[in-house]
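Taking it in order: structure first as structure tokens, then the write-up.
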Amino acid sequence: MNTYKTSEIAHCIGIHPNTVRLYEELELIPKPERKENGYRIFTDFHMEQIKFARIALKVEVLQNGLRKQAIVIIKTSALGNFSKAICLTEYYLQQIKNEQQNAEEAIAITEKLLLDDSQETGTTFLTRKEAADYSQISIDALRNWEMNGLLTVKRKQNGYRVYGDEDIRRLKIIRSLRCANYSLSAILRMLNTLSRNPEADIRQVIDTPKQNDDIISVCDKLLTSLHCAEQNAKVMLAHLEKMKKQFPENPTF
């Protein structure tokens with residue numbers, strides 16, 4: 001088996017030597033042996049494990065603990081338990097697919113709500129608390145959505161807000177999309193676009209941030225991010241299978 005110095009393994013992978021040391025500190029790779037002079041000795045296993053860690057950390061999917069699952073998979077592989085790491089990755093992949101299904105279902109619900117003309121207009125007048133209860137959300141969430149411009153509610157002469165039919169339908173749309181982890185900015189982008197162009201493609205609009213947006217999170221382009229995460233998880237599985245064949249497994253821990 002080949003051996004490498006810290007600088008050599010960093011150069012081969014294309015990272016800074018400090019990153020190699022950080023991976024060791026975070027237990028993303030096994031602790032290397034050291035020479036008498038204290039220099040670390042890395043092996044081919046370290047090389048492949050660092051590559052695997054970089055694959056697993058490439059996509060930032062934060063919802064429902066997916067990021068934490070990726071870290072557990074890396075650490076399991078670092079211990080040499082490739083079979084367990086493969087099982088964990090298969091579960092991780094299924095979780096990503098579940099998130100994709102939730103995201104797609106939220107869009108389908110939104111489309112249905114937008115097309116639903118069965119409600120009588122002008123028949124609903126709810127207070128903020130009543131609107132929150134009816135929509136099954138907290139008053140804090142409702143207040144937050146209003147502060148972020150997702151909802152503009154009319155007021156009575158006494159200053160109290162009154163929520164009508166269109167407000168309730170809008171709340172249902174926002175709630176559905178938020179439950180599927182779409183960001184507030186993505187939902188606002190979609191709602192603003194639909195107000196200008198009711199025929200706009202919801203799926204495309206909600207997944208396409210504006211070019212002048214200063215900060216774009218993965219939930220601002222959720223569908224694309226989840227697709228990338230799915231492909232990434234498949235690459236993780238292939239790499240683990242390769243490592244399982246290449247290195248002896250250590251299932252005892």
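Please note that chains go A, B, ... in the order of the structure tokens, that every chain numbers its residues from 1, and that ligands are numbered from 1 in the order shown.
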Which neighbours of Lys172 in chain A fall inside 12 Å, counting only C-alpha atoms, when residues of the same chain fewer than 6 positions from it are skipped, and could you give them as a ChimeraX atom specification?
-> /A:106-107,109-114,131-137,142,150-151,165-166,178-179
Can you spit out the residues from that selection as a PDB file, in the first residue's frame, using N, CA, C and O atoms?
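So the final result, stored in selection-v9.pdb, reads:
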ATOM      1  N   ALA A 106     -46.296  19.469  -3.108  1.00  0.00           N
ATOM      2  CA  ALA A 106     -46.629  20.838  -2.707  1.00  0.00           C
ATOM      3  C   ALA A 106     -46.953  21.696  -3.928  1.00  0.00           C
ATOM      4  O   ALA A 106     -47.861  22.535  -3.885  1.00  0.00           O
ATOM      5  N   ILE A 107     -46.231  21.488  -5.006  1.00  0.00           N
ATOM      6  CA  ILE A 107     -46.504  22.223  -6.240  1.00  0.00           C
ATOM      7  C   ILE A 107     -47.863  21.811  -6.807  1.00  0.00           C
ATOM      8  O   ILE A 107     -48.649  22.653  -7.262  1.00  0.00           O
ATOM      9  N   ILE A 109     -50.415  20.692  -5.112  1.00  0.00           N
ATOM     10  CA  ILE A 109     -51.440  21.290  -4.246  1.00  0.00           C
ATOM     11  C   ILE A 109     -51.618  22.767  -4.574  1.00  0.00           C
ATOM     12  O   ILE A 109     -52.741  23.277  -4.644  1.00  0.00           O
ATOM     13  N   THR A 110     -50.503  23.450  -4.801  1.00  0.00           N
ATOM     14  CA  THR A 110     -50.547  24.874  -5.154  1.00  0.00           C
ATOM     15  C   THR A 110     -51.322  25.090  -6.452  1.00  0.00           C
ATOM     16  O   THR A 110     -52.180  25.976  -6.551  1.00  0.00           O
ATOM     17  N   GLU A 111     -51.018  24.259  -7.446  1.00  0.00           N
ATOM     18  CA  GLU A 111     -51.714  24.378  -8.734  1.00  0.00           C
ATOM     19  C   GLU A 111     -53.220  24.144  -8.568  1.00  0.00           C
ATOM     20  O   GLU A 111     -54.037  24.845  -9.167  1.00  0.00           O
ATOM     21  N   LYS A 112     -53.569  23.166  -7.747  1.00  0.00           N
ATOM     22  CA  LYS A 112     -54.978  22.857  -7.518  1.00  0.00           C
ATOM     23  C   LYS A 112     -55.689  24.010  -6.808  1.00  0.00           C
ATOM     24  O   LYS A 112     -56.818  24.384  -7.164  1.00  0.00           O
ATOM     25  N   LEU A 113     -55.023  24.579  -5.807  1.00  0.00           N
ATOM     26  CA  LEU A 113     -55.608  25.698  -5.067  1.00  0.00           C
ATOM     27  C   LEU A 113     -55.797  26.922  -5.950  1.00  0.00           C
ATOM     28  O   LEU A 113     -56.797  27.639  -5.840  1.00  0.00           O
ATOM     29  N   LEU A 114     -54.838  27.154  -6.829  1.00  0.00           N
ATOM     30  CA  LEU A 114     -54.928  28.305  -7.724  1.00  0.00           C
ATOM     31  C   LEU A 114     -56.055  28.150  -8.744  1.00  0.00           C
ATOM     32  O   LEU A 114     -56.641  29.138  -9.193  1.00  0.00           O
ATOM     33  N   ALA A 131     -57.597  32.964  11.535  1.00  0.00           N
ATOM     34  CA  ALA A 131     -56.942  32.599  10.272  1.00  0.00           C
ATOM     35  C   ALA A 131     -55.799  31.621  10.521  1.00  0.00           C
ATOM     36  O   ALA A 131     -55.618  30.658   9.762  1.00  0.00           O
ATOM     37  N   ALA A 132     -55.047  31.854  11.601  1.00  0.00           N
ATOM     38  CA  ALA A 132     -53.943  30.960  11.940  1.00  0.00           C
ATOM     39  C   ALA A 132     -54.465  29.576  12.314  1.00  0.00           C
ATOM     40  O   ALA A 132     -53.940  28.552  11.855  1.00  0.00           O
ATOM     41  N   ASP A 133     -55.506  29.543  13.127  1.00  0.00           N
ATOM     42  CA  ASP A 133     -56.092  28.263  13.548  1.00  0.00           C
ATOM     43  C   ASP A 133     -56.668  27.518  12.343  1.00  0.00           C
ATOM     44  O   ASP A 133     -56.481  26.305  12.198  1.00  0.00           O
ATOM     45  N   TYR A 134     -57.380  28.226  11.502  1.00  0.00           N
ATOM     46  CA  TYR A 134     -58.004  27.618  10.329  1.00  0.00           C
ATOM     47  C   TYR A 134     -56.951  27.048   9.374  1.00  0.00           C
ATOM     48  O   TYR A 134     -57.149  25.979   8.788  1.00  0.00           O
ATOM     49  N   SER A 135     -55.835  27.751   9.257  1.00  0.00           N
ATOM     50  CA  SER A 135     -54.761  27.327   8.338  1.00  0.00           C
ATOM     51  C   SER A 135     -53.776  26.367   8.993  1.00  0.00           C
ATOM     52  O   SER A 135     -52.823  25.933   8.348  1.00  0.00           O
ATOM     53  N   GLN A 136     -53.980  26.086  10.284  1.00  0.00           N
ATOM     54  CA  GLN A 136     -53.126  25.164  11.049  1.00  0.00           C
ATOM     55  C   GLN A 136     -51.673  25.635  11.074  1.00  0.00           C
ATOM     56  O   GLN A 136     -50.738  24.875  10.837  1.00  0.00           O
ATOM     57  N   ILE A 137     -51.499  26.912  11.370  1.00  0.00           N
ATOM     58  CA  ILE A 137     -50.167  27.486  11.536  1.00  0.00           C
ATOM     59  C   ILE A 137     -50.160  28.318  12.818  1.00  0.00           C
ATOM     60  O   ILE A 137     -51.222  28.628  13.366  1.00  0.00           O
ATOM     61  N   LEU A 142     -47.584  33.217  10.854  1.00  0.00           N
ATOM     62  CA  LEU A 142     -48.426  34.114  10.066  1.00  0.00           C
ATOM     63  C   LEU A 142     -47.856  35.523  10.079  1.00  0.00           C
ATOM     64  O   LEU A 142     -47.768  36.185   9.024  1.00  0.00           O
ATOM     65  N   LEU A 150     -45.208  38.066   2.018  1.00  0.00           N
ATOM     66  CA  LEU A 150     -45.949  36.995   1.345  1.00  0.00           C
ATOM     67  C   LEU A 150     -47.451  37.229   1.392  1.00  0.00           C
ATOM     68  O   LEU A 150     -48.205  36.647   0.605  1.00  0.00           O
ATOM     69  N   LEU A 151     -47.857  38.068   2.320  1.00  0.00           N
ATOM     70  CA  LEU A 151     -49.290  38.288   2.506  1.00  0.00           C
ATOM     71  C   LEU A 151     -49.523  39.737   2.929  1.00  0.00           C
ATOM     72  O   LEU A 151     -48.847  40.245   3.827  1.00  0.00           O
ATOM     73  N   ASP A 165     -61.306  35.351   1.819  1.00  0.00           N
ATOM     74  CA  ASP A 165     -61.162  34.079   1.097  1.00  0.00           C
ATOM     75  C   ASP A 165     -59.822  33.968   0.373  1.00  0.00           C
ATOM     76  O   ASP A 165     -59.153  32.931   0.435  1.00  0.00           O
ATOM     77  N   GLU A 166     -59.439  35.036  -0.340  1.00  0.00           N
ATOM     78  CA  GLU A 166     -58.186  35.001  -1.081  1.00  0.00           C
ATOM     79  C   GLU A 166     -56.992  34.907  -0.137  1.00  0.00           C
ATOM     80  O   GLU A 166     -55.998  34.247  -0.446  1.00  0.00           O
ATOM     81  N   ARG A 178     -44.133  25.712   2.410  1.00  0.00           N
ATOM     82  CA  ARG A 178     -43.196  25.771   3.540  1.00  0.00           C
ATOM     83  C   ARG A 178     -43.015  24.386   4.161  1.00  0.00           C
ATOM     84  O   ARG A 178     -41.914  24.033   4.568  1.00  0.00           O
ATOM     85  N   CYS A 179     -44.089  23.603   4.231  1.00  0.00           N
ATOM     86  CA  CYS A 179     -43.992  22.242   4.778  1.00  0.00           C
ATOM     87  C   CYS A 179     -43.065  21.370   3.933  1.00  0.00           C
ATOM     88  O   CYS A 179     -42.480  20.402   4.433  1.00  0.00           O
TER      89      CYS A 179
END
Range 42-44 of chain A environment, 12 Å, only C-alpha atoms, sequence neighbours closer than 4 positions dropped, as a short mmCIF file (atom, residue, chain, number, x, y, z; two decimals) with N, CA and C atoms, in the first residue's frame:
data_model
loop_
_atom_site.label_atom_id
_atom_site.label_comp_id
_atom_site.auth_asym_id
_atom_site.auth_seq_id
_atom_site.Cartn_x
_atom_site.Cartn_y
_atom_site.Cartn_z
N MET A 1 0.84 -1.19 0.00
CA MET A 1 0.00 0.00 0.00
C MET A 1 0.88 1.24 0.00
N ASN A 2 0.51 2.22 -0.81
CA ASN A 2 1.28 3.46 -0.89
C ASN A 2 1.10 4.30 0.38
N THR A 3 2.12 5.10 0.69
CA THR A 3 2.04 6.01 1.83
C THR A 3 2.33 7.43 1.35
N TYR A 4 1.77 8.41 2.08
CA TYR A 4 1.88 9.80 1.68
C TYR A 4 2.10 10.69 2.90
N LYS A 5 2.81 11.79 2.69
CA LYS A 5 2.90 12.84 3.69
C LYS A 5 1.63 13.70 3.60
N THR A 6 1.43 14.55 4.59
CA THR A 6 0.26 15.43 4.58
C THR A 6 0.23 16.28 3.32
N SER A 7 1.35 16.87 2.99
CA SER A 7 1.43 17.75 1.81
C SER A 7 1.19 16.97 0.52
N GLU A 8 1.66 15.72 0.48
CA GLU A 8 1.51 14.90 -0.72
C GLU A 8 0.05 14.53 -0.96
N ILE A 9 -0.63 14.09 0.09
CA ILE A 9 -2.03 13.68 -0.07
C ILE A 9 -2.90 14.90 -0.38
N ALA A 10 -2.54 16.05 0.22
CA ALA A 10 -3.28 17.28 -0.06
C ALA A 10 -3.10 17.68 -1.52
N CYS A 12 -2.32 15.72 -4.09
CA CYS A 12 -2.97 14.75 -4.97
C CYS A 12 -4.47 15.02 -5.10
N ILE A 13 -5.10 15.42 -4.00
CA ILE A 13 -6.54 15.64 -4.01
C ILE A 13 -6.90 17.06 -4.43
N VAL A 20 -6.79 18.56 5.35
CA VAL A 20 -6.53 17.16 5.71
C VAL A 20 -6.52 17.03 7.23
N ARG A 21 -5.87 17.96 7.90
CA ARG A 21 -5.80 17.92 9.37
C ARG A 21 -7.18 18.14 9.97
N GLU A 24 -9.14 14.98 9.84
CA GLU A 24 -8.69 14.08 10.91
C GLU A 24 -9.31 14.49 12.24
N ILE A 29 -11.77 11.02 8.65
CA ILE A 29 -10.79 10.03 8.19
C ILE A 29 -10.17 9.40 9.43
N PRO A 30 -9.65 8.17 9.32
CA PRO A 30 -9.01 7.56 10.49
C PRO A 30 -7.71 8.27 10.85
N LYS A 31 -7.34 8.21 12.11
CA LYS A 31 -6.08 8.84 12.53
C LYS A 31 -4.91 8.13 11.86
N PRO A 32 -4.04 8.87 11.19
CA PRO A 32 -2.89 8.24 10.55
C PRO A 32 -1.81 7.88 11.57
N GLU A 33 -1.01 6.90 11.23
CA GLU A 33 0.14 6.59 12.07
C GLU A 33 1.16 7.71 11.92
N ARG A 34 2.12 7.76 12.85
CA ARG A 34 3.13 8.82 12.78
C ARG A 34 4.52 8.21 12.80
N LYS A 35 5.43 8.86 12.12
CA LYS A 35 6.83 8.46 12.17
C LYS A 35 7.44 8.91 13.49
N GLU A 48 -8.71 7.64 -0.49
CA GLU A 48 -10.06 7.37 -0.97
C GLU A 48 -11.12 7.88 0.00
N GLN A 49 -10.82 7.83 1.29
CA GLN A 49 -11.77 8.31 2.29
C GLN A 49 -11.95 9.83 2.21
N ILE A 50 -10.86 10.55 1.97
CA ILE A 50 -10.96 12.00 1.81
C ILE A 50 -11.78 12.32 0.56
N LYS A 51 -11.53 11.57 -0.52
CA LYS A 51 -12.31 11.78 -1.73
C LYS A 51 -13.80 11.54 -1.46
N MET A 243 -14.57 1.17 -2.46
CA MET A 243 -13.72 1.06 -1.27
C MET A 243 -13.89 -0.30 -0.59
N GLN A 246 -11.76 -2.64 -2.40
CA GLN A 246 -10.34 -2.30 -2.38
C GLN A 246 -9.68 -2.50 -1.02
N PHE A 247 -10.43 -2.30 0.06
CA PHE A 247 -9.85 -2.33 1.40
C PHE A 247 -10.56 -3.34 2.30
#
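Rounded to one decimal, CA of Glu25 in chain A and CA of Ile55 in chain A lie 18.4 Å from each other.
Nearest residue to Leu188 in chain A, choosing from A:Asp116, A:Asp201, A:Glu241, A:Glu146 and counting only C-alpha atoms: A:Glu146.
From CA of Ile174 in chain A back to CA of Thr123 in chain A, the distance works out to 21.0 Å.
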DSSP helix (DSSP H, G or I) selection over range 25-237 of chain A, as an NGL selection string = :A and (25 or 44-56 or 63-78 or 82-115 or 128-135 or 139-147 or 165-179 or 184-196 or 202-206 or 218-237)
Can you list, as number ranges by chain, every residue of range 17-151 of chain A that DSSP puts in strand (DSSP E)?
-> A: 33-34, 40-43
Please, could you write that set of residues out with N, CA and C atoms as a PDB file, in the first residue's frame?
ATOM      1  N   GLU A  33      -1.012   6.895  11.233  1.00  0.00           N
ATOM      2  CA  GLU A  33       0.144   6.591  12.073  1.00  0.00           C
ATOM      3  C   GLU A  33       1.161   7.713  11.918  1.00  0.00           C
ATOM      4  N   ARG A  34       2.118   7.763  12.849  1.00  0.00           N
ATOM      5  CA  ARG A  34       3.131   8.816  12.782  1.00  0.00           C
ATOM      6  C   ARG A  34       4.523   8.209  12.803  1.00  0.00           C
ATOM      7  N   ARG A  40       2.888  12.671  10.008  1.00  0.00           N
ATOM      8  CA  ARG A  40       1.792  11.738   9.736  1.00  0.00           C
ATOM      9  C   ARG A  40       2.092  10.887   8.503  1.00  0.00           C
ATOM     10  N   ILE A  41       1.609   9.644   8.534  1.00  0.00           N
ATOM     11  CA  ILE A  41       1.744   8.742   7.393  1.00  0.00           C
ATOM     12  C   ILE A  41       0.344   8.371   6.907  1.00  0.00           C
ATOM     13  N   PHE A  42       0.004   8.833   5.722  1.00  0.00           N
ATOM     14  CA  PHE A  42      -1.303   8.526   5.147  1.00  0.00           C
ATOM     15  C   PHE A  42      -1.188   7.380   4.143  1.00  0.00           C
ATOM     16  N   THR A  43      -2.299   6.666   3.951  1.00  0.00           N
ATOM     17  CA  THR A  43      -2.322   5.505   3.062  1.00  0.00           C
ATOM     18  C   THR A  43      -3.325   5.722   1.923  1.00  0.00           C
TER      19      THR A  43
END
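Atom pair CA of Asn148 in chain A / CA of Leu171 in chain A: separated by 13.3 Å.
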May I have the residues within 12 Å of Gly65 in chain A as a PyMOL selection string, using only C-alpha atoms and disregarding those fewer than 6 positions away in the same chain?
-> chain A and resi 71-72+92+95-96+99
Keeping only all heavy atoms, take the residues you just selected and write them out as a compact mmCIF listing (two decimals), in the first residue's frame.
# COMPACT_ATOMS: atom_id res chain seq x y z
N ILE A 71 -22.85 13.17 7.46
CA ILE A 71 -21.68 13.15 8.34
C ILE A 71 -21.52 11.77 8.99
O ILE A 71 -20.41 11.23 9.08
CB ILE A 71 -21.80 14.23 9.44
CG1 ILE A 71 -21.84 15.63 8.83
CG2 ILE A 71 -20.65 14.12 10.43
CD1 ILE A 71 -20.58 16.05 8.11
N VAL A 72 -22.64 11.19 9.42
CA VAL A 72 -22.60 9.84 10.03
C VAL A 72 -22.08 8.82 9.03
O VAL A 72 -21.29 7.94 9.37
CB VAL A 72 -24.00 9.45 10.55
CG1 VAL A 72 -24.02 7.98 10.98
CG2 VAL A 72 -24.41 10.34 11.71
N TYR A 92 -30.31 7.22 3.18
CA TYR A 92 -30.12 8.65 2.90
C TYR A 92 -30.69 9.00 1.52
O TYR A 92 -31.39 10.01 1.36
CB TYR A 92 -28.62 8.94 2.96
CG TYR A 92 -28.15 10.30 2.50
CD1 TYR A 92 -28.38 11.44 3.28
CD2 TYR A 92 -27.44 10.46 1.32
CE1 TYR A 92 -27.91 12.69 2.88
CE2 TYR A 92 -26.97 11.70 0.91
CZ TYR A 92 -27.21 12.80 1.70
OH TYR A 92 -26.74 14.03 1.29
N GLN A 95 -34.44 9.03 1.69
CA GLN A 95 -34.92 10.25 2.34
C GLN A 95 -34.93 11.43 1.36
O GLN A 95 -35.85 12.25 1.37
CB GLN A 95 -34.03 10.58 3.54
CG GLN A 95 -34.16 9.63 4.71
CD GLN A 95 -35.55 9.67 5.34
OE1 GLN A 95 -36.38 8.81 5.06
NE2 GLN A 95 -35.79 10.67 6.16
N ILE A 96 -33.91 11.51 0.52
CA ILE A 96 -33.85 12.57 -0.49
C ILE A 96 -35.02 12.42 -1.46
O ILE A 96 -35.67 13.40 -1.83
CB ILE A 96 -32.51 12.52 -1.24
CG1 ILE A 96 -31.36 12.92 -0.31
CG2 ILE A 96 -32.53 13.44 -2.47
CD1 ILE A 96 -29.98 12.71 -0.90
N GLU A 99 -38.10 13.70 0.07
CA GLU A 99 -38.14 15.17 0.04
C GLU A 99 -38.55 15.66 -1.35
O GLU A 99 -39.28 16.64 -1.49
CB GLU A 99 -36.76 15.74 0.42
CG GLU A 99 -36.38 15.56 1.87
CD GLU A 99 -37.28 16.34 2.82
OE1 GLU A 99 -37.75 17.42 2.44
OE2 GLU A 99 -37.52 15.85 3.93
Do you know which residues are at most 12 Å from Lys234 in chain A counting only C-alpha atoms, after dropping those on the same chain fewer than 5 positions away, and could you put them as a PyMOL selection string?
-> chain A and resi 52+55-56+86+89-94+96-97+227-229+239-241
Residues from last step as file, all heavy atoms, as a compact mmCIF listing (two decimals), in the first residue's frame:
# COMPACT_ATOMS: atom_id res chain seq x y z
N PHE A 52 -14.08 10.48 -0.69
CA PHE A 52 -15.47 10.16 -0.37
C PHE A 52 -16.11 11.27 0.47
O PHE A 52 -17.26 11.67 0.23
CB PHE A 52 -15.55 8.83 0.39
CG PHE A 52 -16.94 8.50 0.85
CD1 PHE A 52 -17.94 8.18 -0.06
CD2 PHE A 52 -17.26 8.52 2.21
CE1 PHE A 52 -19.23 7.89 0.36
CE2 PHE A 52 -18.55 8.23 2.63
CZ PHE A 52 -19.54 7.92 1.71
N ILE A 55 -17.04 14.13 -1.65
CA ILE A 55 -18.24 13.83 -2.44
C ILE A 55 -19.48 14.04 -1.58
O ILE A 55 -20.44 14.70 -1.98
CB ILE A 55 -18.20 12.38 -2.97
CG1 ILE A 55 -17.09 12.22 -4.02
CG2 ILE A 55 -19.56 11.99 -3.56
CD1 ILE A 55 -16.82 10.77 -4.39
N ALA A 56 -19.45 13.48 -0.37
CA ALA A 56 -20.61 13.52 0.52
C ALA A 56 -20.94 14.93 0.98
O ALA A 56 -22.11 15.24 1.25
CB ALA A 56 -20.38 12.61 1.72
N ILE A 86 -22.88 1.75 3.41
CA ILE A 86 -23.70 1.57 2.21
C ILE A 86 -25.19 1.54 2.58
O ILE A 86 -26.02 2.18 1.92
CB ILE A 86 -23.30 0.28 1.46
CG1 ILE A 86 -21.92 0.46 0.79
CG2 ILE A 86 -24.34 -0.10 0.42
CD1 ILE A 86 -21.33 -0.81 0.24
N THR A 89 -26.29 4.98 3.40
CA THR A 89 -26.39 5.81 2.20
C THR A 89 -27.65 5.49 1.41
O THR A 89 -28.29 6.38 0.84
CB THR A 89 -25.15 5.63 1.30
OG1 THR A 89 -23.97 5.90 2.08
CG2 THR A 89 -25.18 6.58 0.12
N GLU A 90 -28.02 4.21 1.37
CA GLU A 90 -29.27 3.82 0.70
C GLU A 90 -30.47 4.46 1.39
O GLU A 90 -31.42 4.92 0.73
CB GLU A 90 -29.39 2.29 0.68
CG GLU A 90 -28.40 1.63 -0.28
CD GLU A 90 -28.39 0.12 -0.17
OE1 GLU A 90 -28.90 -0.40 0.87
OE2 GLU A 90 -27.86 -0.55 -1.08
N TYR A 91 -30.44 4.49 2.72
CA TYR A 91 -31.51 5.14 3.48
C TYR A 91 -31.50 6.64 3.22
O TYR A 91 -32.56 7.28 3.05
CB TYR A 91 -31.34 4.86 4.98
CG TYR A 91 -32.36 5.54 5.85
CD1 TYR A 91 -33.66 5.05 5.95
CD2 TYR A 91 -32.03 6.68 6.59
CE1 TYR A 91 -34.61 5.69 6.75
CE2 TYR A 91 -32.96 7.32 7.39
CZ TYR A 91 -34.24 6.82 7.47
OH TYR A 91 -35.17 7.44 8.25
N TYR A 92 -30.31 7.22 3.18
CA TYR A 92 -30.12 8.65 2.90
C TYR A 92 -30.69 9.00 1.52
O TYR A 92 -31.39 10.01 1.36
CB TYR A 92 -28.62 8.94 2.96
CG TYR A 92 -28.15 10.30 2.50
CD1 TYR A 92 -28.38 11.44 3.28
CD2 TYR A 92 -27.44 10.46 1.32
CE1 TYR A 92 -27.91 12.69 2.88
CE2 TYR A 92 -26.97 11.70 0.91
CZ TYR A 92 -27.21 12.80 1.70
OH TYR A 92 -26.74 14.03 1.29
N LEU A 93 -30.44 8.15 0.54
CA LEU A 93 -30.96 8.35 -0.81
C LEU A 93 -32.49 8.29 -0.81
O LEU A 93 -33.15 9.10 -1.48
CB LEU A 93 -30.39 7.29 -1.75
CG LEU A 93 -30.89 7.29 -3.20
CD1 LEU A 93 -30.62 8.63 -3.87
CD2 LEU A 93 -30.23 6.16 -3.99
N GLN A 94 -33.06 7.36 -0.05
CA GLN A 94 -34.52 7.26 0.02
C GLN A 94 -35.12 8.50 0.67
O GLN A 94 -36.19 8.98 0.25
CB GLN A 94 -34.92 6.01 0.81
CG GLN A 94 -36.42 5.75 0.83
CD GLN A 94 -37.01 5.65 -0.57
OE1 GLN A 94 -36.53 4.89 -1.39
NE2 GLN A 94 -38.07 6.41 -0.84
N ILE A 96 -33.91 11.51 0.52
CA ILE A 96 -33.85 12.57 -0.49
C ILE A 96 -35.02 12.42 -1.46
O ILE A 96 -35.67 13.40 -1.83
CB ILE A 96 -32.51 12.52 -1.24
CG1 ILE A 96 -31.36 12.92 -0.31
CG2 ILE A 96 -32.53 13.44 -2.47
CD1 ILE A 96 -29.98 12.71 -0.90
N LYS A 97 -35.29 11.18 -1.86
CA LYS A 97 -36.42 10.94 -2.78
C LYS A 97 -37.74 11.32 -2.12
O LYS A 97 -38.65 11.84 -2.79
CB LYS A 97 -36.43 9.47 -3.21
CG LYS A 97 -35.28 9.11 -4.15
CD LYS A 97 -35.35 7.64 -4.56
CE LYS A 97 -34.23 7.30 -5.54
NZ LYS A 97 -34.27 5.88 -5.96
N HIS A 227 -32.44 17.27 -6.71
CA HIS A 227 -32.00 16.44 -7.84
C HIS A 227 -30.48 16.23 -7.76
O HIS A 227 -29.99 15.10 -7.96
CB HIS A 227 -32.38 17.09 -9.16
CG HIS A 227 -31.86 16.35 -10.35
ND1 HIS A 227 -32.38 15.14 -10.78
CD2 HIS A 227 -30.82 16.64 -11.20
CE1 HIS A 227 -31.70 14.72 -11.84
NE2 HIS A 227 -30.77 15.61 -12.12
N CYS A 228 -29.75 17.29 -7.49
CA CYS A 228 -28.29 17.19 -7.36
C CYS A 228 -27.91 16.27 -6.19
O CYS A 228 -26.97 15.48 -6.29
CB CYS A 228 -27.66 18.57 -7.16
SG CYS A 228 -27.74 19.64 -8.60
N ALA A 229 -28.67 16.38 -5.10
CA ALA A 229 -28.40 15.54 -3.93
C ALA A 229 -28.63 14.07 -4.25
O ALA A 229 -27.89 13.19 -3.79
CB ALA A 229 -29.30 15.97 -2.77
N HIS A 239 -18.81 4.94 -4.82
CA HIS A 239 -17.48 5.08 -4.21
C HIS A 239 -17.32 4.12 -3.03
O HIS A 239 -16.25 3.53 -2.84
CB HIS A 239 -17.26 6.52 -3.75
CG HIS A 239 -15.83 6.87 -3.53
ND1 HIS A 239 -15.01 7.38 -4.51
CD2 HIS A 239 -15.03 6.74 -2.43
CE1 HIS A 239 -13.79 7.58 -4.03
NE2 HIS A 239 -13.79 7.19 -2.76
N LEU A 240 -18.38 3.97 -2.25
CA LEU A 240 -18.33 3.03 -1.13
C LEU A 240 -18.16 1.59 -1.60
O LEU A 240 -17.41 0.80 -0.99
CB LEU A 240 -19.60 3.17 -0.28
CG LEU A 240 -19.69 4.39 0.63
CD1 LEU A 240 -21.09 4.53 1.20
CD2 LEU A 240 -18.65 4.31 1.75
N GLU A 241 -18.85 1.24 -2.67
CA GLU A 241 -18.71 -0.11 -3.23
C GLU A 241 -17.27 -0.34 -3.69
O GLU A 241 -16.70 -1.44 -3.49
CB GLU A 241 -19.67 -0.29 -4.41
CG GLU A 241 -21.14 -0.29 -4.04
CD GLU A 241 -21.58 -1.58 -3.34
OE1 GLU A 241 -20.74 -2.48 -3.16
OE2 GLU A 241 -22.78 -1.67 -2.99
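Distances from A:Leu222, A:Arg67, A:Val59, A:Ile73 to Cys87 in chain A were compared using only C-alpha atoms, and the smallest one belongs to A:Ile73.
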